[in-house]
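File shown: run_22.txt (compact mmCIF, C-alpha atoms).
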# COMPACT_ATOMS: atom_id res chain seq x y z
CA MET A 90 -42.35 -32.13 14.00
CA ARG A 91 -45.96 -33.15 13.41
CA GLN A 92 -45.33 -35.18 10.22
CA LYS A 93 -48.98 -34.86 9.17
CA THR A 94 -48.50 -35.27 5.43
CA ALA A 95 -49.22 -38.98 5.15
CA ILE A 96 -52.38 -39.07 7.20
CA ARG A 97 -53.74 -35.93 5.58
CA ALA A 98 -53.09 -37.37 2.13
CA ALA A 99 -54.91 -40.57 3.06
CA ALA A 100 -57.74 -38.61 4.60
CA ALA A 101 -57.98 -36.41 1.52
CA GLY A 102 -58.30 -39.47 -0.72
CA ILE A 103 -61.15 -40.90 1.29
CA ALA A 104 -62.74 -37.47 1.67
CA ALA A 105 -62.69 -37.09 -2.11
CA LEU A 106 -64.82 -40.22 -2.40
CA LEU A 107 -67.14 -38.80 0.22
CA THR A 108 -67.49 -35.55 -1.68
CA ALA A 109 -68.16 -37.30 -4.98
CA THR A 110 -71.00 -39.34 -3.54
CA ALA A 111 -72.36 -36.54 -1.39
CA CYS A 112 -72.50 -34.18 -4.33
CA SER A 113 -74.75 -36.57 -6.22
CA SER A 114 -77.62 -35.24 -4.14
CA GLN A 115 -76.55 -31.64 -4.80
CA ARG A 116 -77.61 -30.69 -1.32
CA GLY A 117 -76.44 -27.23 -0.23
CA GLU A 118 -76.18 -26.11 3.37
CA GLU A 119 -79.48 -24.23 3.21
CA ASP A 120 -81.28 -27.24 1.69
CA ALA A 121 -79.98 -29.54 4.40
CA GLY A 122 -82.06 -27.99 7.16
CA THR A 123 -83.79 -24.92 8.50
CA ALA A 124 -82.67 -21.40 9.29
CA ALA A 125 -83.21 -19.08 12.22
CA ASP A 126 -85.02 -15.73 12.29
CA GLY A 127 -84.49 -12.52 14.21
CA ALA A 128 -81.01 -11.68 15.49
CA CYS A 129 -79.80 -15.12 14.35
CA LYS A 130 -81.37 -14.84 10.90
CA GLY A 131 -79.95 -17.17 8.29
CA GLN A 132 -78.08 -19.39 10.75
CA GLN A 133 -78.65 -23.16 10.65
CA THR A 134 -81.14 -24.75 13.03
CA THR A 135 -80.95 -28.27 11.63
CA GLY A 136 -81.19 -30.74 14.50
CA ILE A 137 -82.28 -28.25 17.17
CA THR A 138 -85.72 -27.02 18.20
CA ASP A 139 -87.10 -25.33 21.29
CA LYS A 140 -87.60 -28.78 22.78
CA SER A 141 -84.85 -31.00 21.41
CA ILE A 142 -81.22 -31.32 20.29
CA LYS A 143 -80.09 -34.21 18.10
CA LEU A 144 -76.41 -35.13 18.38
CA GLY A 145 -74.42 -37.86 16.65
CA GLY A 146 -71.23 -39.60 17.74
CA VAL A 147 -68.91 -41.96 15.85
CA TYR A 148 -66.97 -44.45 17.99
CA PRO A 149 -65.07 -47.72 17.46
CA LEU A 150 -67.60 -50.03 19.09
CA SER A 151 -65.79 -52.87 17.30
CA GLY A 152 -62.31 -53.41 15.86
CA PRO A 153 -58.79 -52.87 17.24
CA ALA A 154 -59.71 -49.78 19.29
CA SER A 155 -63.03 -51.08 20.63
CA ALA A 156 -61.92 -50.43 24.23
CA TYR A 157 -62.72 -46.79 23.52
CA GLY A 158 -66.33 -47.64 22.65
CA THR A 159 -67.35 -47.46 26.29
CA ILE A 160 -66.79 -43.69 26.19
CA SER A 161 -70.12 -43.44 24.41
CA LYS A 162 -71.81 -45.00 27.44
CA GLY A 163 -70.45 -42.27 29.69
CA VAL A 164 -71.72 -39.66 27.23
CA SER A 165 -75.09 -41.37 26.90
CA ALA A 166 -75.51 -41.68 30.69
CA TYR A 167 -74.88 -37.96 31.09
CA PHE A 168 -77.45 -36.93 28.51
CA LYS A 169 -80.04 -39.40 29.83
CA TYR A 170 -79.45 -38.05 33.34
CA ILE A 171 -79.80 -34.45 32.17
CA ASN A 172 -82.96 -35.27 30.23
CA ALA A 173 -84.66 -37.16 33.04
CA GLU A 174 -83.52 -35.25 36.10
CA LYS A 175 -82.66 -31.74 34.90
CA GLY A 176 -85.26 -31.19 32.18
CA GLY A 177 -82.67 -31.31 29.41
CA ILE A 178 -80.29 -28.55 28.33
CA ASP A 179 -82.07 -25.20 28.47
CA GLY A 180 -85.34 -27.10 28.25
CA ARG A 181 -84.20 -29.18 25.27
CA LYS A 182 -84.07 -32.97 25.54
CA VAL A 183 -80.93 -34.46 24.01
CA GLU A 184 -81.09 -37.34 21.53
CA PHE A 185 -77.66 -38.93 21.19
CA ILE A 186 -77.17 -41.28 18.22
CA VAL A 187 -74.08 -43.52 18.32
CA ARG A 188 -72.58 -45.07 15.19
CA ASP A 189 -69.76 -47.64 14.93
CA ASP A 190 -66.85 -47.12 12.54
CA GLY A 191 -64.66 -49.98 13.79
CA TYR A 192 -61.72 -47.51 13.83
CA GLN A 193 -61.79 -47.57 10.02
CA PRO A 194 -61.69 -44.19 8.25
CA PRO A 195 -63.85 -45.30 5.28
CA LYS A 196 -66.50 -46.50 7.71
CA ALA A 197 -66.23 -43.21 9.60
CA VAL A 198 -67.07 -41.45 6.33
CA GLU A 199 -70.13 -43.61 5.81
CA GLU A 200 -71.43 -43.19 9.34
CA THR A 201 -70.77 -39.45 9.43
CA ARG A 202 -72.71 -38.95 6.21
CA ARG A 203 -75.55 -40.99 7.65
CA LEU A 204 -75.66 -38.75 10.71
CA VAL A 205 -75.60 -35.54 8.70
CA GLU A 206 -77.72 -36.39 5.66
CA LYS A 207 -80.19 -38.93 7.03
CA GLU A 208 -80.40 -38.28 10.77
CA LYS A 209 -79.87 -34.52 10.28
CA VAL A 210 -78.01 -34.08 13.54
CA PHE A 211 -77.24 -30.67 15.00
CA ALA A 212 -73.59 -31.61 15.52
CA VAL A 213 -71.26 -34.58 15.13
CA PHE A 214 -69.92 -34.78 18.65
CA GLN A 215 -66.88 -36.78 19.75
CA THR A 216 -65.55 -38.35 16.55
CA LEU A 217 -62.98 -40.73 18.01
CA GLY A 218 -59.47 -41.24 16.69
CA THR A 219 -57.08 -39.17 14.63
CA PRO A 220 -57.49 -41.12 11.35
CA SER A 221 -61.31 -41.09 11.45
CA THR A 222 -61.51 -37.44 12.47
CA ALA A 223 -59.04 -36.33 9.81
CA THR A 224 -61.07 -38.18 7.19
CA VAL A 225 -64.35 -36.39 7.88
CA TRP A 226 -63.42 -32.90 9.03
CA ASP A 227 -63.22 -31.46 5.49
CA TYR A 228 -66.73 -32.75 4.79
CA LEU A 229 -68.17 -31.46 8.06
CA ASN A 230 -66.57 -28.05 7.65
CA ARG A 231 -67.90 -27.73 4.08
CA GLN A 232 -71.35 -28.73 5.30
CA LYS A 233 -70.96 -26.27 8.19
CA VAL A 234 -71.78 -28.92 10.75
CA PRO A 235 -70.12 -28.48 14.16
CA GLN A 236 -67.60 -31.17 15.10
CA PRO A 237 -66.97 -30.22 18.72
CA PHE A 238 -64.62 -31.84 21.22
CA VAL A 239 -63.22 -34.62 19.05
CA ALA A 240 -61.82 -37.56 21.01
CA THR A 241 -58.24 -37.25 19.85
CA GLY A 242 -55.38 -35.08 21.03
CA ALA A 243 -53.67 -34.51 17.67
CA SER A 244 -52.32 -30.98 17.59
CA MET A 245 -53.90 -30.21 14.20
CA TRP A 246 -57.36 -29.75 15.78
CA GLY A 247 -56.19 -26.67 17.62
CA THR A 248 -53.66 -25.14 15.24
CA ASP A 249 -55.46 -25.49 11.90
CA THR A 250 -57.25 -22.31 10.80
CA LYS A 251 -59.12 -23.81 7.83
CA HIS A 252 -61.53 -25.91 9.90
CA PRO A 253 -63.35 -23.58 12.32
CA TRP A 254 -66.16 -26.11 12.84
CA THR A 255 -63.80 -28.69 14.39
CA THR A 256 -62.43 -28.39 17.92
CA GLY A 257 -60.43 -30.67 20.20
CA TRP A 258 -61.09 -31.29 23.89
CA GLN A 259 -58.51 -33.39 25.70
CA PRO A 260 -54.95 -32.07 26.11
CA ASN A 261 -53.19 -32.30 22.78
CA TYR A 262 -50.42 -34.84 22.44
CA VAL A 263 -47.68 -32.20 22.29
CA ALA A 264 -48.90 -30.73 25.59
CA GLU A 265 -48.96 -34.21 27.12
CA SER A 266 -45.45 -34.98 25.92
CA ARG A 267 -44.29 -31.76 27.56
CA MET A 268 -45.57 -33.12 30.88
CA TYR A 269 -43.40 -36.23 30.54
CA GLY A 270 -40.36 -34.23 29.51
CA ASP A 271 -40.79 -31.87 32.46
CA TYR A 272 -41.21 -34.82 34.84
CA LEU A 273 -38.08 -36.62 33.61
CA LYS A 274 -35.94 -33.51 33.91
CA ASP A 275 -36.48 -33.77 37.66
CA GLU A 276 -36.81 -37.54 38.06
CA LYS A 277 -34.15 -38.80 35.62
CA PRO A 278 -32.26 -35.81 34.18
CA LYS A 279 -29.86 -38.04 32.23
CA ALA A 280 -32.41 -40.61 31.12
CA LYS A 281 -31.98 -42.79 28.07
CA VAL A 282 -35.46 -43.21 26.59
CA ALA A 283 -36.87 -45.96 24.37
CA VAL A 284 -40.14 -45.16 22.61
CA LEU A 285 -42.91 -47.38 21.25
CA TYR A 286 -45.36 -45.39 19.14
CA GLN A 287 -48.32 -45.84 16.82
CA ASN A 288 -47.37 -44.94 13.26
CA ASP A 289 -49.84 -42.12 12.68
CA ASP A 290 -50.32 -38.52 13.73
CA PHE A 291 -51.20 -39.61 17.26
CA GLY A 292 -47.88 -41.36 17.79
CA LYS A 293 -45.77 -38.92 15.81
CA ASP A 294 -47.29 -35.89 17.55
CA LEU A 295 -46.45 -37.20 21.00
CA LEU A 296 -43.01 -38.47 20.02
CA GLY A 297 -42.14 -35.23 18.24
CA GLY A 298 -43.40 -33.15 21.16
CA PHE A 299 -41.36 -35.21 23.61
CA LYS A 300 -38.16 -34.81 21.60
CA GLU A 301 -38.76 -31.07 21.46
CA ALA A 302 -39.49 -30.91 25.19
CA VAL A 303 -36.20 -32.59 26.18
CA LYS A 304 -34.05 -30.84 23.58
CA GLY A 305 -30.94 -29.35 25.17
CA SER A 306 -31.29 -31.45 28.34
CA GLY A 307 -29.38 -34.56 29.37
CA ILE A 308 -32.31 -36.75 28.32
CA LYS A 309 -31.80 -38.68 25.11
CA VAL A 310 -34.09 -40.79 22.94
CA VAL A 311 -31.91 -43.80 22.16
CA ALA A 312 -34.37 -46.14 20.42
CA THR A 313 -37.74 -45.93 18.69
CA GLU A 314 -40.08 -48.60 17.33
CA SER A 315 -43.37 -48.02 15.55
CA TYR A 316 -46.35 -50.27 14.87
CA GLU A 317 -49.41 -50.16 12.62
CA VAL A 318 -52.91 -50.33 14.06
CA THR A 319 -53.46 -53.45 11.92
CA ASP A 320 -50.48 -55.30 13.46
CA PRO A 321 -51.39 -58.36 15.55
CA SER A 322 -48.93 -57.50 18.32
CA VAL A 323 -45.95 -55.36 19.33
CA SER A 324 -43.84 -58.18 20.79
CA ALA A 325 -41.08 -57.80 18.19
CA GLN A 326 -40.92 -54.05 18.72
CA MET A 327 -40.70 -54.48 22.49
CA ALA A 328 -37.90 -57.02 22.10
CA ASN A 329 -35.95 -54.56 19.96
CA LEU A 330 -36.48 -51.73 22.45
CA ALA A 331 -35.30 -53.93 25.33
CA ARG A 332 -31.96 -54.36 23.58
CA SER A 333 -31.37 -50.62 23.93
CA ARG A 334 -31.10 -51.04 27.73
CA ALA A 335 -32.82 -47.66 28.06
CA ASP A 336 -33.84 -46.70 31.59
CA VAL A 337 -37.17 -45.17 30.49
CA LEU A 338 -39.84 -46.64 28.21
CA LEU A 339 -42.30 -44.15 26.71
CA ASN A 340 -45.37 -46.13 25.65
CA ILE A 341 -47.41 -44.20 23.02
CA THR A 342 -50.16 -46.66 22.17
CA THR A 343 -53.89 -47.23 21.94
CA PRO A 344 -55.43 -49.69 24.48
CA LYS A 345 -54.91 -53.05 22.75
CA PHE A 346 -51.23 -52.35 22.13
CA GLY A 347 -50.85 -50.58 25.47
CA SER A 348 -51.79 -53.81 27.25
CA GLN A 349 -49.40 -55.77 25.06
CA ALA A 350 -46.51 -53.42 25.75
CA LEU A 351 -47.15 -53.42 29.50
CA ALA A 352 -47.30 -57.22 29.49
CA ALA A 353 -44.07 -57.53 27.49
CA ASP A 354 -42.31 -55.14 29.86
CA ALA A 355 -43.51 -57.12 32.89
CA LYS A 356 -42.41 -60.43 31.34
CA ASN A 357 -38.90 -59.23 30.56
CA THR A 358 -37.21 -59.48 33.97
CA LYS A 359 -33.84 -58.46 32.51
CA TRP A 360 -35.10 -54.98 31.60
CA ASP A 361 -36.72 -52.76 34.20
CA PRO A 362 -37.24 -49.26 32.76
CA LEU A 363 -39.40 -46.55 34.27
CA HIS A 364 -42.56 -47.12 32.23
CA ILE A 365 -44.52 -44.05 31.08
CA VAL A 366 -47.84 -44.91 29.45
CA ASN A 367 -49.63 -42.18 27.53
CA SER A 368 -53.00 -41.03 28.85
CA VAL A 369 -55.13 -42.67 26.16
CA SER A 370 -53.96 -46.09 27.38
CA SER A 371 -53.91 -45.36 31.09
CA SER A 372 -57.37 -46.70 31.91
CA THR A 373 -57.47 -49.54 34.43
CA SER A 374 -59.28 -51.54 31.72
CA VAL A 375 -55.91 -51.52 29.89
CA LEU A 376 -53.84 -52.31 32.96
CA GLN A 377 -56.05 -54.96 34.55
CA PRO A 378 -55.50 -57.70 31.91
CA VAL A 379 -51.77 -57.40 32.56
CA GLY A 380 -52.30 -57.86 36.30
CA PHE A 381 -52.08 -54.93 38.68
CA LYS A 382 -49.07 -56.50 40.41
CA ASN A 383 -47.21 -56.24 37.08
CA VAL A 384 -47.80 -52.52 36.50
CA GLN A 385 -46.74 -51.09 39.84
CA GLY A 386 -44.87 -47.80 39.47
CA VAL A 387 -46.04 -47.08 35.92
CA VAL A 388 -46.60 -43.33 35.47
CA SER A 389 -48.88 -41.26 33.27
CA ALA A 390 -50.71 -37.92 33.23
CA THR A 391 -54.36 -37.00 33.60
CA TYR A 392 -56.78 -34.08 33.77
CA PHE A 393 -60.08 -35.55 35.01
CA LYS A 394 -61.14 -37.26 38.22
CA ASP A 395 -60.48 -40.98 38.49
CA PRO A 396 -63.65 -42.75 39.66
CA ALA A 397 -61.46 -45.42 41.30
CA ASP A 398 -59.70 -42.83 43.50
CA PRO A 399 -61.26 -42.74 46.99
CA GLN A 400 -60.47 -39.05 47.40
CA TRP A 401 -63.49 -38.36 45.15
CA ALA A 402 -65.86 -40.68 47.04
CA ASP A 403 -67.80 -37.77 48.54
CA ASP A 404 -67.45 -35.52 45.49
CA ALA A 405 -70.93 -34.39 44.37
CA GLU A 406 -70.22 -34.82 40.66
CA MET A 407 -68.72 -38.26 41.16
CA LYS A 408 -71.77 -39.32 43.14
CA ALA A 409 -74.06 -38.09 40.37
CA TYR A 410 -71.94 -39.90 37.77
CA ARG A 411 -71.98 -43.22 39.61
CA LYS A 412 -75.71 -43.06 40.26
CA ALA A 413 -76.53 -42.11 36.68
CA LEU A 414 -74.28 -44.75 35.13
CA LYS A 415 -75.87 -47.44 37.28
CA LYS A 416 -79.37 -46.25 36.35
CA TYR A 417 -79.04 -45.38 32.67
CA GLU A 418 -76.10 -47.52 31.46
CA PRO A 419 -76.06 -50.41 33.96
CA GLU A 420 -73.71 -52.57 31.88
CA ALA A 421 -70.99 -49.90 32.08
CA GLU A 422 -68.54 -50.15 34.99
CA PRO A 423 -68.32 -46.79 36.89
CA SER A 424 -64.70 -47.37 37.97
CA ILE A 425 -63.48 -47.46 34.35
CA GLN A 426 -61.88 -44.09 33.60
CA LEU A 427 -63.09 -44.04 29.98
CA ASN A 428 -66.68 -43.87 31.19
CA ALA A 429 -65.81 -40.89 33.39
CA TYR A 430 -64.08 -39.33 30.36
CA GLY A 431 -67.36 -39.62 28.44
CA TRP A 432 -69.27 -37.97 31.28
CA ALA A 433 -66.72 -35.15 31.49
CA VAL A 434 -66.77 -34.37 27.77
CA ALA A 435 -70.58 -34.48 27.64
CA SER A 436 -70.67 -32.07 30.57
CA SER A 437 -68.24 -29.84 28.65
CA LEU A 438 -70.55 -29.80 25.64
CA HIS A 439 -73.42 -28.88 27.96
CA LYS A 440 -71.42 -25.83 29.04
CA ALA A 441 -70.80 -24.85 25.41
CA LEU A 442 -74.47 -25.30 24.49
CA ASP A 443 -75.42 -23.10 27.45
CA ALA A 444 -73.02 -20.44 26.19
CA MET A 445 -74.50 -20.21 22.67
CA GLU A 446 -75.69 -16.69 21.80
CA CYS A 447 -77.82 -18.23 19.05
CA PRO A 448 -79.36 -21.73 19.26
CA THR A 449 -77.84 -22.59 15.91
CA ARG A 450 -74.97 -24.54 14.44
CA GLU A 451 -73.09 -21.26 14.05
CA GLY A 452 -73.86 -20.47 17.67
CA LEU A 453 -72.26 -23.72 18.85
CA ARG A 454 -69.26 -23.25 16.55
CA ASP A 455 -68.62 -19.82 18.09
CA ALA A 456 -69.30 -20.93 21.67
CA VAL A 457 -66.67 -23.69 21.66
CA ARG A 458 -64.11 -21.18 20.41
CA ASN A 459 -64.91 -18.66 23.15
CA LEU A 460 -64.61 -20.58 26.42
CA LYS A 461 -63.19 -18.50 29.27
CA ASP A 462 -61.87 -20.67 32.10
CA VAL A 463 -65.07 -22.70 32.23
CA LYS A 464 -65.29 -25.08 35.17
CA VAL A 465 -66.40 -28.66 34.51
CA ASP A 466 -66.98 -30.60 37.71
CA MET A 467 -65.52 -33.91 36.49
CA LEU A 468 -62.18 -32.25 35.64
CA LEU A 469 -59.42 -32.08 38.24
CA PRO A 470 -59.27 -28.99 40.46
CA GLY A 471 -57.31 -26.34 38.61
CA VAL A 472 -58.27 -27.66 35.17
CA THR A 473 -60.72 -25.51 33.20
CA LEU A 474 -61.81 -25.09 29.57
CA ALA A 475 -60.29 -22.12 27.75
CA THR A 476 -60.30 -21.41 24.00
CA GLY A 477 -60.10 -18.49 21.61
CA PRO A 478 -60.65 -17.80 17.90
CA ASP A 479 -57.13 -19.07 17.15
CA ASP A 480 -56.90 -21.56 20.01
CA GLY A 481 -58.83 -24.80 19.67
CA PHE A 482 -57.21 -26.48 22.69
CA PRO A 483 -59.76 -26.36 25.55
CA ILE A 484 -57.57 -28.25 28.05
CA GLU A 485 -53.82 -27.90 28.42
CA THR A 486 -53.39 -28.47 32.14
CA MET A 487 -52.49 -31.95 33.42
CA GLN A 488 -51.17 -33.64 36.53
CA MET A 489 -48.84 -36.62 36.85
CA MET A 490 -50.01 -39.88 38.40
CA ARG A 491 -48.40 -43.17 39.45
CA PHE A 492 -50.03 -46.60 39.63
CA LYS A 493 -49.85 -48.10 43.12
CA GLY A 494 -51.88 -50.97 44.49
CA GLU A 495 -55.00 -51.14 42.38
CA ARG A 496 -55.37 -47.54 41.31
CA TRP A 497 -53.68 -44.41 40.07
CA ARG A 498 -52.43 -41.88 42.62
CA LEU A 499 -51.88 -38.24 41.74
CA PHE A 500 -48.58 -36.60 42.62
CA GLY A 501 -47.05 -33.20 42.13
CA GLU A 502 -49.16 -30.21 41.11
CA PRO A 503 -51.27 -29.53 38.02
CA LEU A 504 -49.13 -27.99 35.28
CA ASP A 505 -50.57 -25.53 32.78
CA THR A 506 -48.41 -26.42 29.79
CA ARG A 507 -49.72 -23.40 27.88
CA LYS A 508 -48.24 -21.05 30.50
CA GLU A 509 -45.14 -23.15 31.16
CA PHE A 510 -44.04 -23.79 27.58
CA GLY A 511 -46.04 -21.36 25.45
CA PRO A 512 -48.75 -22.18 22.92
CA VAL A 513 -48.56 -25.21 20.66
CA THR A 514 -48.11 -24.02 17.08
CA ASP A 515 -48.30 -25.83 13.76
How does the structure come out when it is put into structure tokens?
Amino acid sequence: MRQKTAIRAAAAGIAALLTATACSSQRGEEDAGTAADGACKGQQTTGITDKSIKLGGVYPLSGPASAYGTISKGVSAYFKYINAEKGGIDGRKVEFIVRDDGYQPPKAVEETRRLVEKEKVFAVFQTLGTPSTATVWDYLNRQKVPQPFVATGASMWGTDTKHPWTTGWQPNYVAESRMYGDYLKDEKPKAKVAVLYQNDDFGKDLLGGFKEAVKGSGIKVVATESYEVTDPSVSAQMANLARSRADVLLNITTPKFGSQALAADAKNTKWDPLHIVNSVSSSTSVLQPVGFKNVQGVVSATYFKDPADPQWADDAEMKAYRKALKKYEPEAEPSIQLNAYGWAVASSLHKALDAMECPTREGLRDAVRNLKDVKVDMLLPGVTLATGPDDGFPIETMQMMRFKGERWRLFGEPLDTRKEFGPVTD
């Protein structure tokens, strides 16, 4: 169902180049940094002292997925706020170094190496995108550098047992697809579904999970169209899907193509399917260029608080977020959900850092794999972080939402897909 072979093969090829160049320095893990004493003897303390923690993040600040770059501003605002107003994390000030890979795996390799070998970061936090993350996780796991809470929901981050230093954060794409399948069973139990998906593990994971979720029901996938991240548009694919006359469109895209698909759907007045847009393209920054009047009734799923939703206006965490973003990242718009995502994931890392038994890379690796219903204030009520040695999926609870007026509105109840459908397995 996952169809991971192609992307892993491509990632392995690029990773081989990384290994060949990295090995020229013949730097072993012990040479790369310092080691702890006492009960934590021998564990790596590169990038962490009693007074500081150095973290690195790789984001597409440019290129076809540059809309995601603003996540780094939410992360940065959180750490600046914690440093200035809370004295840091356990007395340690956080230095957060952001690098741009343009959503290009070879560039992700280059920037990740820079963070590890030159900047000597404690952890590479929030690598964004399935292709970039898959390209560098072999390297980071060999170097024994934590890669916590990657910004991609591919199911491999939580099911793979060979990469203990890498962990997901957001609900994996199979869990998300289960939400949509469960919703349609009640809303349109005999739905004919057309699917637009990105031709990589992101798209195939969600599509495969959806097909599995509706298996045996009256819901049928009647048409599928894929696109490459290098394509200029998805207009041809949308035209083909419209010919299916399906009554549901499942839109599995990254922001640029999400906007294009929403616009094409709005323009085609002869086809009016129920439009489901996957969570990674549900930000109002994706919907706004299409015109809010053209995306009324679109549905999606979420797991963190929407800063545009007035029900959180008096929420203490939302107030802190808005104030900090205005003060520390004034060019970032607080109402954009991707900025709140960044704040939420940075807060999650704070919880993991607090939980370390040893202030070491090994300590962080173990902490992110031993989260027991940890509350993060920017997550929706009922959504907590929970992991185990063989479970790298911190979040698997989501809630459906519908776009109405100028914002998303939650409906139904949060659904713990782990309890409802069982664990996601490879």
*Which polymer residues have any atom within 8 Å of an atom of stretch 494-504 of chain A, counting all atoms listed in the file, with same-chain residues fewer than 2 positions away left out, as a list in words?*
Met268, Thr373, Phe381, Lys382, Gln385, Asp395, Ala397, Asp398, Gly471, Val472, Thr486, Met487, Gln488, Met489, Met490, Arg491, Phe492, Thr506 and Glu509 of chain A
Excluding stretch 238-246 of chain A and its own-chain neighbours fewer than 4 positions away, which residues fall within 10 Å of it when counting all atoms listed in the file? Please give them as a compact mmCIF listing (two decimals) with C-alpha atoms, in the frame of the given file.
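around-v6.txt was written with the following content:
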# COMPACT_ATOMS: atom_id res chain seq x y z
CA ARG A 91 -45.96 -33.15 13.41
CA LYS A 93 -48.98 -34.86 9.17
CA GLY A 146 -71.23 -39.60 17.74
CA VAL A 147 -68.91 -41.96 15.85
CA TYR A 148 -66.97 -44.45 17.99
CA TYR A 157 -62.72 -46.79 23.52
CA ILE A 160 -66.79 -43.69 26.19
CA VAL A 213 -71.26 -34.58 15.13
CA PHE A 214 -69.92 -34.78 18.65
CA GLN A 215 -66.88 -36.78 19.75
CA THR A 216 -65.55 -38.35 16.55
CA LEU A 217 -62.98 -40.73 18.01
CA GLY A 218 -59.47 -41.24 16.69
CA THR A 219 -57.08 -39.17 14.63
CA PRO A 220 -57.49 -41.12 11.35
CA SER A 221 -61.31 -41.09 11.45
CA THR A 222 -61.51 -37.44 12.47
CA ALA A 223 -59.04 -36.33 9.81
CA TRP A 226 -63.42 -32.90 9.03
CA THR A 250 -57.25 -22.31 10.80
CA HIS A 252 -61.53 -25.91 9.90
CA PRO A 253 -63.35 -23.58 12.32
CA TRP A 254 -66.16 -26.11 12.84
CA THR A 255 -63.80 -28.69 14.39
CA THR A 256 -62.43 -28.39 17.92
CA GLY A 257 -60.43 -30.67 20.20
CA TRP A 258 -61.09 -31.29 23.89
CA GLN A 259 -58.51 -33.39 25.70
CA PRO A 260 -54.95 -32.07 26.11
CA ASN A 261 -53.19 -32.30 22.78
CA TYR A 262 -50.42 -34.84 22.44
CA VAL A 263 -47.68 -32.20 22.29
CA ALA A 264 -48.90 -30.73 25.59
CA GLU A 265 -48.96 -34.21 27.12
CA ASP A 289 -49.84 -42.12 12.68
CA ASP A 290 -50.32 -38.52 13.73
CA PHE A 291 -51.20 -39.61 17.26
CA GLY A 292 -47.88 -41.36 17.79
CA LYS A 293 -45.77 -38.92 15.81
CA ASP A 294 -47.29 -35.89 17.55
CA LEU A 295 -46.45 -37.20 21.00
CA GLY A 298 -43.40 -33.15 21.16
CA VAL A 369 -55.13 -42.67 26.16
CA TYR A 430 -64.08 -39.33 30.36
CA GLY A 431 -67.36 -39.62 28.44
CA VAL A 434 -66.77 -34.37 27.77
CA ALA A 435 -70.58 -34.48 27.64
CA SER A 437 -68.24 -29.84 28.65
CA LEU A 438 -70.55 -29.80 25.64
CA VAL A 457 -66.67 -23.69 21.66
CA ASP A 480 -56.90 -21.56 20.01
CA GLY A 481 -58.83 -24.80 19.67
CA PHE A 482 -57.21 -26.48 22.69
CA PRO A 483 -59.76 -26.36 25.55
CA VAL A 513 -48.56 -25.21 20.66
CA THR A 514 -48.11 -24.02 17.08
CA ASP A 515 -48.30 -25.83 13.76
*Within 7 Å of A:Lys461, counting all atoms listed in the file, which residues qualify if same-chain residues fewer than 6 places away don't, as a list in words?*
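The residues satisfying every condition are Leu474, Ala475 and Thr476 of chain A.
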*Can you list, as a ChimeraX atom specification, every protein, DNA or RNA residue that comes within 10 Å of A:Ala302 when you count all atoms listed in the file, leaving out same-chain residues fewer than 6 positions away?*
/A:263-264,266-271,274,296,308,510
*Rank nothing, just name the residue among A:Val282, A:Leu460, A:Ala355, A:Ala405 nearest to A:Lys300, using only C-alpha atoms.*
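Closest to A:Lys300 of all the choices is A:Val282.
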_Spatial neighbours of A:Glu418, 12 Å, only C-alpha atoms, chain gap at least 6 places, as a VMD selection string_ = chain A and resid 159 to 170 410 to 412 428 432
*asked:* Calculated over all atoms listed in the file, which of the candidates A:Thr449, A:Thr248, A:Gln133, A:Ser372 has the smallest distance to A:Ser424?
replied: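 Once distances to A:Ser424 are computed over all atoms listed in the file, the minimum belongs to A:Ser372.
With only C-alpha atoms as the basis for measurement, A:Asp320 is the residue among A:Asp320, A:Glu276, A:Asp336, A:Asp139 that approaches A:Gln349 most closely.
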_Please determine, counting only C-alpha atoms, which residue among A:Val388, A:Ala335, A:Leu285, A:Ile171 has the shortest atom-to-atom distance to A:Ala413._
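Residue with the minimum atom-to-atom distance to A:Ala413: A:Ile171.
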*Shortest interatomic distance to A:Ala441 - which of A:Asn459, A:Ser370, A:Ser315, A:Asn340, counting all atoms listed in the file*: A:Asn459
*Which residue, A:Gln193, A:Asn172, A:Ser371, A:Thr201, has the smallest gap to A:Gly145 when you use all atoms listed in the file?*
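Of all the options, A:Thr201 lies closest to A:Gly145.
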*Could you check how far atom CA of A:Ala433 sits from atom CA of A:Asp466, in Å to one decimal?*
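Between atom CA of A:Ala433 and atom CA of A:Asp466 the gap works out to 7.7 Å.
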_Please compute the atom CA of A:Thr224-atom CA of A:Gln132 distance, one decimal, in Å._
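Interatomic distance here is 25.6 Å.
When atom CA of A:Asp443 is paired with atom CA of A:Gly127, their separation reads 19.2 Å.
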Centre and size of axis-aligned box enclosing stretch 411-425 of chain A plus 8 Å each side, as JSON:
{"center_x": -71.4, "center_y": -47.3, "center_z": 35.9, "size_x": 31.9, "size_y": 26.5, "size_z": 24.8}
*Determine, counting only C-alpha atoms, every residue of protein, DNA or RNA that lies within 8 Å of (-78.6, -37.7, 19.3) in the file coordinates, then give the result as number ranges by chain.*
A: 142-146, 183-187, 210
